[in-house]
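A.B. asks: For reference, this is run26.tsv, and it has TSV, C-alpha atoms.
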chain	number	residue	atom	x	y	z
A	1323	MET	CA	0.00	0.00	0.00
A	1324	SER	CA	1.41	3.37	-0.97
A	1325	THR	CA	2.12	6.16	1.50
A	1326	LYS	CA	-0.48	8.36	-0.23
A	1327	THR	CA	-3.23	5.76	0.35
A	1328	LYS	CA	-2.30	5.37	4.02
A	1329	GLY	CA	-2.43	9.14	4.51
A	1330	LYS	CA	-5.86	9.27	2.92
A	1331	ARG	CA	-7.17	6.56	5.26
A	1332	LEU	CA	-5.83	8.38	8.30
A	1333	ARG	CA	-7.62	11.56	7.24
A	1334	THR	CA	-10.95	9.78	6.76
A	1335	ARG	CA	-10.76	7.76	10.00
A	1336	TRP	CA	-13.23	8.80	12.71
A	1337	ARG	CA	-11.35	10.20	15.65
A	1338	LYS	CA	-12.21	11.03	19.25
A	1339	GLN	CA	-11.93	14.74	18.44
A	1340	ASP	CA	-14.53	14.32	15.68
A	1341	ALA	CA	-16.96	12.78	18.17
A	1342	GLU	CA	-16.44	15.65	20.63
A	1343	LEU	CA	-17.01	18.27	17.95
A	1344	THR	CA	-20.12	16.42	16.77
A	1345	LEU	CA	-21.56	16.42	20.29
A	1346	LEU	CA	-20.85	20.14	20.57
A	1347	ALA	CA	-22.63	20.79	17.27
A	1348	LEU	CA	-25.57	18.49	18.06
A	1349	PRO	CA	-27.73	21.01	20.03
A	1350	THR	CA	-27.39	23.64	17.30
A	1351	THR	CA	-28.14	21.03	14.62
A	1352	ILE	CA	-31.29	19.90	16.45
A	1353	TRP	CA	-32.37	23.53	16.91
A	1354	TYR	CA	-32.01	24.22	13.19
A	1355	ILE	CA	-33.92	21.05	12.27
A	1356	LEU	CA	-36.81	21.84	14.63
A	1357	PHE	CA	-37.13	25.58	14.09
A	1358	CYS	CA	-35.70	26.18	10.59
A	1359	PHE	CA	-36.15	23.09	8.41
A	1360	LEU	CA	-39.35	21.49	9.71
A	1361	PRO	CA	-41.34	24.77	9.54
A	1362	MET	CA	-40.46	24.96	5.83
A	1363	PHE	CA	-43.30	22.48	5.35
A	1364	GLY	CA	-45.58	25.49	5.94
A	1365	ILE	CA	-44.60	26.88	2.52
A	1366	ILE	CA	-47.42	24.76	1.13
A	1367	ILE	CA	-49.91	27.19	2.75
A	1368	ALA	CA	-48.91	29.83	0.19
A	1369	PHE	CA	-50.43	27.62	-2.52
A	1370	LYS	CA	-53.63	26.76	-0.67
A	1371	ASN	CA	-56.84	28.47	0.32
A	1372	PHE	CA	-56.05	27.90	3.98
A	1373	ARG	CA	-59.06	27.43	6.22
A	1374	ILE	CA	-58.92	27.20	10.01
A	1375	SER	CA	-61.28	24.47	11.18
A	1376	GLY	CA	-59.24	22.05	13.28
A	1377	GLY	CA	-55.65	21.02	13.85
A	1378	PHE	CA	-52.83	22.50	11.80
A	1379	LEU	CA	-52.05	19.37	9.76
A	1380	SER	CA	-55.70	18.67	9.04
A	1381	ASN	CA	-56.19	22.28	7.95
A	1382	VAL	CA	-53.25	22.08	5.57
A	1383	ILE	CA	-54.34	18.77	4.09
A	1384	ASN	CA	-58.05	19.56	3.79
A	1385	SER	CA	-57.69	23.15	2.51
A	1386	PRO	CA	-58.27	23.35	-1.27
A	1387	TRP	CA	-55.42	24.22	-3.61
A	1388	ALA	CA	-55.36	27.81	-4.79
A	1389	GLY	CA	-52.44	27.68	-7.21
A	1390	PHE	CA	-50.86	31.12	-7.56
A	1391	LYS	CA	-53.97	33.08	-6.61
A	1392	ASN	CA	-52.48	34.01	-3.24
A	1393	PHE	CA	-49.59	35.69	-5.05
A	1394	GLU	CA	-51.80	37.77	-7.31
A	1395	PHE	CA	-52.88	40.23	-4.60
A	1396	LEU	CA	-49.26	41.16	-3.93
A	1397	PHE	CA	-48.56	42.12	-7.55
A	1398	LYS	CA	-52.01	43.18	-8.76
A	1399	SER	CA	-52.99	45.22	-5.73
A	1400	ASN	CA	-53.31	48.98	-6.20
A	1401	ASP	CA	-50.86	49.42	-3.33
A	1402	ALA	CA	-48.27	46.95	-4.65
A	1403	TRP	CA	-46.02	49.68	-6.05
A	1404	ILE	CA	-46.18	51.67	-2.80
A	1405	ILE	CA	-45.30	48.64	-0.68
A	1406	ILE	CA	-42.38	47.52	-2.87
A	1407	ARG	CA	-41.14	51.11	-3.22
A	1408	ASN	CA	-41.13	51.60	0.53
A	1409	THR	CA	-39.44	48.27	1.23
A	1410	LEU	CA	-36.63	48.73	-1.30
A	1411	GLY	CA	-36.25	52.49	-0.90
A	1412	TYR	CA	-35.85	52.46	2.87
A	1413	ASN	CA	-33.52	49.45	2.78
A	1414	ILE	CA	-31.22	51.04	0.20
A	1415	VAL	CA	-30.87	54.10	2.44
A	1416	PHE	CA	-30.40	51.88	5.50
A	1417	ILE	CA	-27.66	49.85	3.78
A	1418	VAL	CA	-25.71	52.95	2.75
A	1419	LEU	CA	-26.04	54.72	6.10
A	1420	GLY	CA	-25.52	51.43	7.95
A	1421	ILE	CA	-22.03	51.21	6.48
A	1422	VAL	CA	-20.89	54.82	6.24
A	1423	ILE	CA	-21.93	56.06	9.72
A	1424	PRO	CA	-20.77	53.04	11.80
A	1425	VAL	CA	-17.43	52.91	9.96
A	1426	ALA	CA	-16.89	56.64	10.53
A	1427	LEU	CA	-17.80	56.36	14.22
A	1428	ALA	CA	-15.60	53.29	14.68
A	1429	LEU	CA	-12.67	55.15	13.14
A	1430	MET	CA	-13.20	58.16	15.41
A	1431	VAL	CA	-13.62	56.09	18.58
A	1432	GLY	CA	-10.62	53.95	17.64
A	1433	MET	CA	-8.44	57.07	17.41
A	1434	LEU	CA	-9.24	58.23	20.95
A	1435	HIS	CA	-6.24	58.15	23.26
A	1436	ASN	CA	-8.44	58.05	26.36
A	1437	ARG	CA	-9.68	54.45	26.44
A	1438	ARG	CA	-12.13	55.15	29.26
A	1439	ALA	CA	-13.82	57.85	27.19
A	1440	GLY	CA	-13.91	55.46	24.24
A	1441	LYS	CA	-15.71	52.84	26.35
A	1442	VAL	CA	-18.22	55.45	27.53
A	1443	TYR	CA	-19.00	56.61	23.97
A	1444	GLN	CA	-19.22	53.02	22.76
A	1445	THR	CA	-21.69	52.09	25.53
A	1446	MET	CA	-23.82	55.19	24.93
A	1447	MET	CA	-24.13	54.46	21.20
A	1448	PHE	CA	-24.72	50.74	21.72
A	1449	LEU	CA	-27.44	51.16	24.38
A	1450	PRO	CA	-30.34	52.01	21.97
A	1451	TYR	CA	-29.80	48.66	20.21
A	1452	PHE	CA	-31.21	46.86	23.27
A	1453	LEU	CA	-34.36	48.97	23.48
A	1454	SER	CA	-37.64	47.48	22.29
A	1455	TRP	CA	-39.53	49.30	19.56
A	1456	VAL	CA	-42.47	49.41	22.00
A	1457	VAL	CA	-40.34	51.52	24.34
A	1458	VAL	CA	-39.08	53.65	21.45
A	1459	SER	CA	-42.67	54.14	20.28
A	1460	ALA	CA	-43.71	55.38	23.73
A	1461	VAL	CA	-40.77	57.79	23.83
A	1462	GLY	CA	-41.62	58.97	20.31
A	1463	TRP	CA	-45.23	59.59	21.38
A	1464	ALA	CA	-43.98	61.68	24.29
A	1465	PHE	CA	-42.10	63.87	21.80
A	1466	LEU	CA	-44.59	63.94	18.92
A	1467	SER	CA	-48.00	63.87	20.58
A	1468	PHE	CA	-50.21	66.66	19.25
A	1469	ASP	CA	-51.57	67.81	22.63
A	1470	LYS	CA	-48.76	67.16	25.09
A	1471	GLY	CA	-45.74	66.36	22.92
A	1472	ILE	CA	-42.47	68.03	23.83
A	1473	VAL	CA	-41.83	69.12	20.24
A	1474	ASN	CA	-45.20	70.82	19.83
A	1475	GLN	CA	-44.85	72.54	23.19
A	1476	MET	CA	-41.51	73.96	22.04
A	1477	LEU	CA	-43.05	75.10	18.75
A	1478	VAL	CA	-45.92	76.84	20.53
A	1479	SER	CA	-43.55	78.51	23.01
A	1480	MET	CA	-41.59	79.95	20.06
A	1481	GLY	CA	-44.76	81.29	18.45
A	1482	GLY	CA	-45.28	78.49	15.94
A	1483	GLU	CA	-48.22	76.19	15.22
A	1484	PRO	CA	-48.41	72.64	16.60
A	1485	ILE	CA	-48.02	69.84	14.06
A	1486	ASN	CA	-50.13	66.70	14.02
A	1487	TRP	CA	-47.13	64.45	13.41
A	1488	TYR	CA	-49.13	61.23	13.11
A	1489	MET	CA	-51.25	62.72	10.33
A	1490	GLU	CA	-48.50	64.37	8.25
A	1491	SER	CA	-46.76	61.79	6.08
A	1492	LYS	CA	-44.11	64.17	4.68
A	1493	TYR	CA	-42.08	64.09	7.92
A	1494	TRP	CA	-42.01	60.34	8.46
A	1495	PRO	CA	-39.43	59.16	5.91
A	1496	TYR	CA	-36.86	61.31	7.74
A	1497	LEU	CA	-38.12	60.24	11.17
A	1498	LEU	CA	-37.99	56.55	10.28
A	1499	ILE	CA	-34.48	56.83	8.83
A	1500	PHE	CA	-33.33	58.73	11.93
A	1501	MET	CA	-34.90	56.13	14.25
A	1502	HIS	CA	-33.29	53.24	12.39
A	1503	VAL	CA	-29.84	54.82	12.37
A	1504	TRP	CA	-30.11	55.85	16.03
A	1505	LYS	CA	-31.05	52.32	17.11
A	1506	SER	CA	-28.72	50.26	14.91
A	1507	VAL	CA	-25.60	52.38	14.52
A	1508	GLY	CA	-24.12	51.16	17.82
A	1509	TYR	CA	-24.17	47.51	16.77
A	1510	GLY	CA	-22.40	48.17	13.48
A	1511	MET	CA	-19.89	50.43	15.19
A	1512	VAL	CA	-18.96	47.69	17.68
A	1513	VAL	CA	-18.40	45.20	14.84
A	1514	TYR	CA	-16.11	47.57	12.94
A	1515	LEU	CA	-14.37	48.72	16.12
A	1516	ALA	CA	-13.54	45.10	16.96
A	1517	THR	CA	-11.99	44.79	13.49
A	1518	ILE	CA	-9.90	47.92	14.05
A	1519	THR	CA	-8.76	46.63	17.45
A	1520	GLY	CA	-7.54	43.40	15.85
A	1521	ILE	CA	-5.26	45.17	13.36
A	1522	ASP	CA	-1.55	44.63	14.07
A	1523	LYS	CA	-0.14	47.81	15.64
A	1524	THR	CA	3.21	47.34	13.88
A	1525	TYR	CA	1.59	48.59	10.67
A	1526	TYR	CA	0.89	51.94	12.29
A	1527	GLU	CA	4.32	52.09	13.93
A	1528	ALA	CA	5.98	51.59	10.55
A	1529	ALA	CA	3.68	54.20	9.00
A	1530	VAL	CA	4.56	56.75	11.69
A	1531	ILE	CA	8.27	56.14	11.10
A	1532	ASP	CA	7.70	56.80	7.38
A	1533	GLY	CA	5.95	60.07	8.24
A	1534	ALA	CA	2.36	59.04	7.41
A	1535	SER	CA	-0.41	61.29	8.74
A	1536	ILE	CA	-3.54	60.08	10.57
A	1537	TRP	CA	-5.56	60.34	7.34
A	1538	GLN	CA	-2.94	58.38	5.39
A	1539	GLN	CA	-2.88	55.67	8.08
A	1540	THR	CA	-6.65	55.44	7.89
A	1541	ARG	CA	-6.75	55.40	4.11
A	1542	PHE	CA	-3.91	52.96	3.42
A	1543	ILE	CA	-3.97	50.72	6.52
A	1544	THR	CA	-7.25	50.77	8.46
A	1545	LEU	CA	-9.80	50.88	5.64
A	1546	PRO	CA	-8.08	48.23	3.44
A	1547	LEU	CA	-7.84	45.86	6.41
A	1548	MET	CA	-11.51	46.51	7.25
A	1549	LYS	CA	-12.64	45.81	3.69
A	1550	LEU	CA	-13.41	42.13	4.27
A	1551	VAL	CA	-15.75	42.85	7.19
A	1552	ILE	CA	-17.39	45.79	5.39
A	1553	VAL	CA	-18.10	43.64	2.33
A	1554	MET	CA	-19.47	40.81	4.49
A	1555	MET	CA	-21.83	43.19	6.32
A	1556	PHE	CA	-22.89	44.66	2.97
A	1557	ILE	CA	-23.72	41.24	1.51
A	1558	LEU	CA	-25.73	40.27	4.60
A	1559	ALA	CA	-27.62	43.58	4.47
A	1560	VAL	CA	-28.40	43.15	0.77
A	1561	GLY	CA	-29.77	39.68	1.52
A	1562	ARG	CA	-32.45	41.30	3.69
A	1563	ILE	CA	-33.33	44.10	1.29
A	1564	PHE	CA	-36.88	42.74	0.97
A	1565	TYR	CA	-37.30	42.61	4.75
A	1566	THR	CA	-37.92	45.53	7.09
A	1567	ASP	CA	-38.01	45.97	10.84
A	1568	PHE	CA	-41.67	45.42	11.65
A	1569	GLY	CA	-41.50	47.34	14.92
A	1570	LEU	CA	-40.04	50.40	13.21
A	1571	PHE	CA	-42.68	50.61	10.49
A	1572	PHE	CA	-45.71	49.48	12.49
A	1573	GLN	CA	-45.15	50.27	16.16
A	1574	VAL	CA	-43.39	53.64	15.92
A	1575	PRO	CA	-45.99	55.26	13.56
A	1576	ARG	CA	-48.70	53.65	15.73
A	1577	ASP	CA	-50.39	52.07	12.69
A	1578	SER	CA	-51.74	55.44	11.53
A	1579	ASN	CA	-53.78	55.09	8.33
A	1580	SER	CA	-52.74	58.61	7.33
A	1581	LEU	CA	-49.14	57.39	7.06
A	1582	PHE	CA	-49.95	54.36	4.89
A	1583	ASN	CA	-48.03	55.61	1.83
A	1584	VAL	CA	-44.74	56.03	3.72
A	1585	THR	CA	-44.85	53.34	6.42
A	1586	THR	CA	-46.37	50.24	4.79
A	1587	THR	CA	-43.80	47.60	3.80
A	1588	ILE	CA	-44.07	43.92	2.94
A	1589	ASP	CA	-43.70	42.89	6.61
A	1590	VAL	CA	-46.48	45.25	7.68
A	1591	LEU	CA	-48.64	43.89	4.86
A	1592	VAL	CA	-48.05	40.30	6.00
A	1593	TYR	CA	-49.12	41.19	9.54
A	1594	LYS	CA	-52.27	42.96	8.38
A	1595	GLN	CA	-53.17	40.04	6.14
A	1596	LEU	CA	-52.84	37.70	9.12
A	1597	LYS	CA	-55.15	39.96	11.12
A	1598	THR	CA	-57.82	39.57	8.44
A	1599	ALA	CA	-57.39	35.75	8.52
A	1600	THR	CA	-56.05	35.55	4.95
A	1601	VAL	CA	-53.24	33.23	6.00
A	1602	GLY	CA	-52.58	32.03	2.46
A	1603	MET	CA	-51.92	35.56	1.18
A	1604	ALA	CA	-49.64	36.33	4.12
A	1605	SER	CA	-47.71	33.10	3.51
A	1606	ALA	CA	-47.39	33.95	-0.18
A	1607	ALA	CA	-45.94	37.38	0.62
A	1608	ALA	CA	-43.47	35.85	3.10
A	1609	PHE	CA	-42.50	33.20	0.55
A	1610	VAL	CA	-41.79	35.87	-2.08
A	1611	GLN	CA	-39.64	37.70	0.48
A	1612	SER	CA	-37.59	34.57	1.15
A	1613	VAL	CA	-37.04	33.74	-2.51
A	1614	LEU	CA	-36.10	37.29	-3.49
A	1615	GLY	CA	-33.84	37.59	-0.45
A	1616	CYS	CA	-32.00	34.40	-1.42
A	1617	ILE	CA	-31.59	35.64	-4.99
A	1618	THR	CA	-30.27	39.05	-3.92
A	1619	ILE	CA	-27.72	37.69	-1.46
A	1620	LEU	CA	-26.41	35.18	-4.02
A	1621	THR	CA	-26.28	37.90	-6.68
A	1622	ALA	CA	-24.45	40.32	-4.39
A	1623	ASN	CA	-21.94	37.64	-3.42
A	1624	TRP	CA	-21.43	36.70	-7.10
A	1625	ILE	CA	-20.73	40.33	-8.02
A	1626	VAL	CA	-18.26	40.70	-5.14
A	1627	ARG	CA	-16.55	37.45	-6.13
A	1628	ARG	CA	-16.13	38.70	-9.69
A	1629	ILE	CA	-14.63	41.99	-8.48
A	1630	ASP	CA	-12.59	40.71	-5.52
A	1631	PRO	CA	-12.63	36.92	-4.96
A	1632	ASP	CA	-10.95	37.21	-1.58
A	1633	SER	CA	-13.79	39.32	-0.17
A	1634	ALA	CA	-16.64	36.99	-1.20
A	1635	MET	CA	-18.40	34.93	1.43
A	1636	MET	CA	-18.28	31.67	-0.56
Reformat the file's structure so that it appears as structure tokens.
C.D. replies:
Amino acid sequence: MSTKTKGKRLRTRWRKQDAELTLLALPTTIWYILFCFLPMFGIIIAFKNFRISGGFLSNVINSPWAGFKNFEFLFKSNDAWIIIRNTLGYNIVFIVLGIVIPVALALMVGMLHNRRAGKVYQTMMFLPYFLSWVVVSAVGWAFLSFDKGIVNQMLVSMGGEPINWYMESKYWPYLLIFMHVWKSVGYGMVVYLATITGIDKTYYEAAVIDGASIWQQTRFITLPLMKLVIVMMFILAVGRIFYTDFGLFFQVPRDSNSLFNVTTTIDVLVYKQLKTATVGMASAAAFVQSVLGCITILTANWIVRRIDPDSAMM
């Protein structure tokens, strides 16, 4: 037997370490099977006229097939363009700001010489990430309420007229973008700051010896070494371009019908369809979201791989 064949057998032999790693991975594997793969059976509801009359399995089996009729409302509805426009438009803005602002903040915090101050700023910016949208909605109501809102009281005290914020749709695209950035910027900043912290300090020492300025160090050392993480975060964000934060678009505007044109996204539509018991239509909308999300993340990764193979995720 040749040495090459013996080496191949040794590599394929089951070892004690393999058993230990398998046991460690077993709980996660079971979790994914129970909560990710088995529920995929529910996709069939999108193609049925689902009727609630008994147990879940009996409902699925006994409900008549509807073909693609559940998908028609999403594309033939008079509000289809508004919903898709809001979903894609907001997410494009969120993706751009979700990269530019956290990277800029991470660079600034990383340059602080006072580490205690850096920890304080990092904690202050990360804290909103842990707040529930229900809490944020209550705080927003305290500021924007027509009768007792802080903002309207300030406007009246300065001689202005109070604004009925929950009836005026022109303000809400800016408010929603601000809310999203305020709540999520801390998480992105921590990710990029961890990347900056892991950069070998000898690069900067050599740059200082060569006379490089802070901007040159950032441009030629920090940003290039952060590129892999930035691209990965971008690909993951693009994969969810057809999803929106339900709490942001439903809870914060308090489901005001006057704000329908600027706050209704696919996720809000799915929830409202479930409220009206049209489970099949809601499942169809969620199924379209999943398929389009898979296509976009694969497309984004393919484009990145063509431009820079080393930065692609797979």
A.B. asks: Nearest to A:Ile1414 among A:Leu1346, A:Val1560, A:Ile1619, A:Val1507, with distances taken over only C-alpha atoms: which residue is it?
C.D. replies: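 Smallest separation from A:Ile1414 among the options: A:Val1560.
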A.B. asks: Using all atoms listed in the file, which protein or nucleic acid residues come within 8 Å of stretch 1376-1384 of chain A? Drop anything in the same chain fewer than 3 positions from it, and give the result as number ranges by chain.
C.D. replies: A: 1366-1367, 1370, 1372-1373
A.B. asks: One decimal, in Å: what's the spacing between atom CA of A:Ala1634 and atom CA of A:Thr1621?
C.D. replies: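 Distance between the two atoms: 11.1 Å.
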A.B. asks: How would you write as a list of chain:residue names the residues that get within 9 Å of (-20.3, 47.9, 15.5) in the file's frame, counting only C-alpha atoms?
C.D. replies: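 Checking each residue against the 9 Å limit leaves A:Pro1424, A:Val1425, A:Leu1427, A:Ala1428, A:Gln1444, A:Phe1448, A:Ser1506, A:Val1507, A:Gly1508, A:Tyr1509, A:Gly1510, A:Met1511, A:Val1512, A:Val1513, A:Tyr1514, A:Leu1515, A:Ala1516.
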A.B. asks: Could you save those same residues with C-alpha atoms as a short mmCIF file (atom, residue, chain, number, x, y, z; two decimals), keeping the file's coordinate frame?
C.D. replies:
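File produced: part_26.cif:
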data_model
loop_
_atom_site.label_atom_id
_atom_site.label_comp_id
_atom_site.auth_asym_id
_atom_site.auth_seq_id
_atom_site.Cartn_x
_atom_site.Cartn_y
_atom_site.Cartn_z
CA PRO A 1424 -20.77 53.04 11.80
CA VAL A 1425 -17.43 52.91 9.96
CA LEU A 1427 -17.80 56.36 14.22
CA ALA A 1428 -15.60 53.29 14.68
CA GLN A 1444 -19.22 53.02 22.76
CA PHE A 1448 -24.72 50.74 21.72
CA SER A 1506 -28.72 50.26 14.91
CA VAL A 1507 -25.60 52.38 14.52
CA GLY A 1508 -24.12 51.16 17.82
CA TYR A 1509 -24.17 47.51 16.77
CA GLY A 1510 -22.40 48.17 13.48
CA MET A 1511 -19.89 50.43 15.19
CA VAL A 1512 -18.96 47.69 17.68
CA VAL A 1513 -18.40 45.20 14.84
CA TYR A 1514 -16.11 47.57 12.94
CA LEU A 1515 -14.37 48.72 16.12
CA ALA A 1516 -13.54 45.10 16.96
#
A.B. asks: Expressed in Å to a single decimal, how great is the separation between atom CA of A:Leu1434 and atom CA of A:Thr1519?
C.D. replies: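 Atom CA of A:Thr1519 lies at a distance of 12.1 Å from atom CA of A:Leu1434.
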A.B. asks: Between A:Met1554, A:Ile1404, A:Val1574, A:Ala1559, which is the closest to A:Phe1465 once you count all atoms listed in the file?
C.D. replies: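 Between A:Met1554, A:Ile1404, A:Val1574, A:Ala1559, the residue approaching A:Phe1465 most closely is A:Val1574.
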A.B. asks: Taking all atoms listed in the file into account, name the residue in A:Ile1417, A:Met1489, A:Met1446, A:Leu1477 that is nearest to A:Gly1561.
C.D. replies: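 Comparing A:Ile1417, A:Met1489, A:Met1446, A:Leu1477 against A:Gly1561, the winner is A:Ile1417.
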A.B. asks: Find the residues around A:Asp1401 up to 12 Å (all atoms listed in the file counted), leave out those fewer than 4 positions away in its own chain, and share them as a list of chain:residue names.
C.D. replies: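 Listed by chain and then number, they are A:Phe1395, A:Leu1396, A:Phe1397, A:Ile1405, A:Ile1406, A:Arg1407, A:Asn1408, A:Phe1582, A:Asn1583, A:Val1584, A:Thr1586, A:Thr1587, A:Ile1588, A:Leu1591.
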A.B. asks: Copy stretch 1366-1381 of chain A out of the block into a file, keeping N, CA, C and O atoms, as a PDB file, in the first residue's frame.
C.D. replies:
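For reference, part-v4.pdb as written:
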ATOM      1  N   ILE A1366     -46.283  25.263   1.913  1.00  0.00           N
ATOM      2  CA  ILE A1366     -47.420  24.765   1.133  1.00  0.00           C
ATOM      3  C   ILE A1366     -48.659  25.633   1.338  1.00  0.00           C
ATOM      4  O   ILE A1366     -49.545  25.695   0.468  1.00  0.00           O
ATOM      5  N   ILE A1367     -48.742  26.340   2.470  1.00  0.00           N
ATOM      6  CA  ILE A1367     -49.912  27.191   2.752  1.00  0.00           C
ATOM      7  C   ILE A1367     -50.031  28.313   1.719  1.00  0.00           C
ATOM      8  O   ILE A1367     -51.133  28.760   1.402  1.00  0.00           O
ATOM      9  N   ALA A1368     -48.888  28.751   1.180  1.00  0.00           N
ATOM     10  CA  ALA A1368     -48.915  29.830   0.191  1.00  0.00           C
ATOM     11  C   ALA A1368     -49.641  29.424  -1.083  1.00  0.00           C
ATOM     12  O   ALA A1368     -50.078  30.281  -1.853  1.00  0.00           O
ATOM     13  N   PHE A1369     -49.783  28.121  -1.305  1.00  0.00           N
ATOM     14  CA  PHE A1369     -50.429  27.625  -2.522  1.00  0.00           C
ATOM     15  C   PHE A1369     -51.802  27.024  -2.233  1.00  0.00           C
ATOM     16  O   PHE A1369     -52.357  26.325  -3.071  1.00  0.00           O
ATOM     17  N   LYS A1370     -52.337  27.295  -1.040  1.00  0.00           N
ATOM     18  CA  LYS A1370     -53.633  26.758  -0.675  1.00  0.00           C
ATOM     19  C   LYS A1370     -54.554  27.855  -0.159  1.00  0.00           C
ATOM     20  O   LYS A1370     -54.101  28.890   0.331  1.00  0.00           O
ATOM     21  N   ASN A1371     -55.834  27.602  -0.272  1.00  0.00           N
ATOM     22  CA  ASN A1371     -56.839  28.475   0.322  1.00  0.00           C
ATOM     23  C   ASN A1371     -57.046  28.005   1.756  1.00  0.00           C
ATOM     24  O   ASN A1371     -57.973  27.275   2.078  1.00  0.00           O
ATOM     25  N   PHE A1372     -56.139  28.440   2.619  1.00  0.00           N
ATOM     26  CA  PHE A1372     -56.052  27.899   3.975  1.00  0.00           C
ATOM     27  C   PHE A1372     -57.287  28.264   4.787  1.00  0.00           C
ATOM     28  O   PHE A1372     -57.679  29.421   4.860  1.00  0.00           O
ATOM     29  N   ARG A1373     -57.875  27.239   5.398  1.00  0.00           N
ATOM     30  CA  ARG A1373     -59.064  27.426   6.220  1.00  0.00           C
ATOM     31  C   ARG A1373     -58.805  26.848   7.598  1.00  0.00           C
ATOM     32  O   ARG A1373     -58.325  25.729   7.726  1.00  0.00           O
ATOM     33  N   ILE A1374     -59.134  27.630   8.625  1.00  0.00           N
ATOM     34  CA  ILE A1374     -58.918  27.202  10.006  1.00  0.00           C
ATOM     35  C   ILE A1374     -60.191  26.528  10.506  1.00  0.00           C
ATOM     36  O   ILE A1374     -61.223  27.165  10.697  1.00  0.00           O
ATOM     37  N   SER A1375     -60.108  25.210  10.716  1.00  0.00           N
ATOM     38  CA  SER A1375     -61.279  24.469  11.177  1.00  0.00           C
ATOM     39  C   SER A1375     -60.927  23.394  12.191  1.00  0.00           C
ATOM     40  O   SER A1375     -61.807  22.837  12.828  1.00  0.00           O
ATOM     41  N   GLY A1376     -59.657  23.092  12.349  1.00  0.00           N
ATOM     42  CA  GLY A1376     -59.238  22.050  13.283  1.00  0.00           C
ATOM     43  C   GLY A1376     -57.769  22.172  13.597  1.00  0.00           C
ATOM     44  O   GLY A1376     -57.254  23.262  13.816  1.00  0.00           O
ATOM     45  N   GLY A1377     -57.082  21.013  13.615  1.00  0.00           N
ATOM     46  CA  GLY A1377     -55.649  21.021  13.850  1.00  0.00           C
ATOM     47  C   GLY A1377     -54.890  21.548  12.642  1.00  0.00           C
ATOM     48  O   GLY A1377     -55.413  21.636  11.528  1.00  0.00           O
ATOM     49  N   PHE A1378     -53.626  21.887  12.868  1.00  0.00           N
ATOM     50  CA  PHE A1378     -52.834  22.504  11.797  1.00  0.00           C
ATOM     51  C   PHE A1378     -52.675  21.564  10.610  1.00  0.00           C
ATOM     52  O   PHE A1378     -52.924  21.956   9.463  1.00  0.00           O
ATOM     53  N   LEU A1379     -52.277  20.306  10.862  1.00  0.00           N
ATOM     54  CA  LEU A1379     -52.051  19.372   9.757  1.00  0.00           C
ATOM     55  C   LEU A1379     -53.334  19.086   8.994  1.00  0.00           C
ATOM     56  O   LEU A1379     -53.333  19.029   7.759  1.00  0.00           O
ATOM     57  N   SER A1380     -54.425  18.930   9.719  1.00  0.00           N
ATOM     58  CA  SER A1380     -55.700  18.671   9.039  1.00  0.00           C
ATOM     59  C   SER A1380     -56.134  19.886   8.215  1.00  0.00           C
ATOM     60  O   SER A1380     -56.697  19.735   7.122  1.00  0.00           O
ATOM     61  N   ASN A1381     -55.868  21.079   8.718  1.00  0.00           N
ATOM     62  CA  ASN A1381     -56.189  22.285   7.953  1.00  0.00           C
ATOM     63  C   ASN A1381     -55.388  22.349   6.664  1.00  0.00           C
ATOM     64  O   ASN A1381     -55.911  22.682   5.595  1.00  0.00           O
TER      65      ASN A1381
END
